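Asks: Have a look at this one.
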Amino acid sequence: MSKKNKKNQNEEAQAPQQEAQPDENQNNKQQSAENKATDNEAAQLTPEQRIAQLEEQIEHEKKEYLFLLSDFENFRRRTIMEKADLIKNGTESAMRDLLPVVDDLERALDAINKGGDLDSLKEGVGLIYNKFVKYLESQHVIAIDSTGKDFDTDVHEAVTMFPAPDPSMKGKVIDTTIKGYKINDKVLRHAKVVVGS
């Protein structure tokens with residue numbers, strides 16, 4: 001082979017490589033241009049501008065925080081006021097429902113003062129008592145059943161010990177001097193009881 005043919009073959013072999021190189025070079029140039037654009041955007045901000053931008057962002061966050069803080073403070077105040085109103089007026093409905101019982105008691109006292117029939121007075125007082133007990137039950141207040149039950153310090157308060165009339169009554173409630181009451185399964189007043197010893 002002559003030197004000319006070898007030279008032509010080398011040029012032909014290099015030609016596809018040279019055609020491929022411009023594409024790679026072009027991609028590299030695009031990437032570097034994109035990187036430069038991003039760098040240029042960051043570089044366009046001077047340190048003072050960047051500081052100003054960050055201070056503006058901090059100021060915005062501070063305003064958001066203060067808004068949330070004042071909103072929470074308003075919520076807290078409103079909740080305290082509502083709670084105070086509930087405490088102040090919470091007994092209103094309970095007292096309103098008690099007024100008819102008071103009216104009945106006043107009528108019973110008038111009847112006693114006028115010297116009415118004893119049997120009708122007893123019946124009237126019994127009706128008032130039943131009305132009052134129903135009212136208490138509507139408020140979830142129930143009497144604690146004590147007499148004959150085992151002594152339980154959670155619901156009973158022993159006022160005295162008394163010799164049990166029969167051995168099976170030892171440690172049990174013989175008598176209830178003052179009834180105990182529960183409200184929603186919580187002891188409102190302990191029953192005062194006499195316990196067998």
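Scheme for the structure tokens: letters A, B, ... for chains in order shown; per-chain residue numbers from 1; ligand numbers from 1 in order shown.
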Find the residues around region 162-164 of chain A up to 6 Å (only C-alpha atoms counted), leave out those fewer than 6 positions away in its own chain, and share them as a list in words.

Replies: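 Listing them by chain and then by number gives Lys170, Gly196 and Ser197 of chain A.
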
Asks: Using DSSP secondary structure from the backbone, list all alpha helix (DSSP H) positions within region 25-195 of chain A, as JSON, numbers by chain.

Replies: {"A": [25, 26, 27, 28, 29, 30, 31, 32, 33, 34, 35, 36, 37, 38, 39, 40, 41, 42, 43, 44, 47, 48, 49, 50, 51, 52, 53, 54, 55, 56, 57, 58, 59, 60, 61, 62, 63, 64, 65, 66, 67, 68, 69, 70, 71, 72, 73, 74, 75, 76, 77, 78, 79, 80, 81, 82, 83, 84, 85, 86, 87, 88, 89, 92, 93, 94, 95, 96, 97, 98, 99, 100, 101, 102, 103, 104, 105, 106, 107, 108, 109, 110, 111, 112, 113, 118, 119, 120, 121, 122, 123, 124, 125, 126, 127, 128, 129, 130, 131, 132, 133, 134, 135, 136, 137, 138]}

Asks: Tell me, as a ChimeraX atom specification, which residues lie within 12 Å of Lys131 (chain A), counting only C-alpha atoms; anything in the same chain fewer than 3 positions away does not count.

Replies: /A:97-105,124-128,134-138

Asks: Counting only C-alpha atoms, which residue out of A:Ile142, A:Leu121, A:Thr79, A:Tyr129 sits closest to Arg107 (chain A)?

Replies: A:Leu121
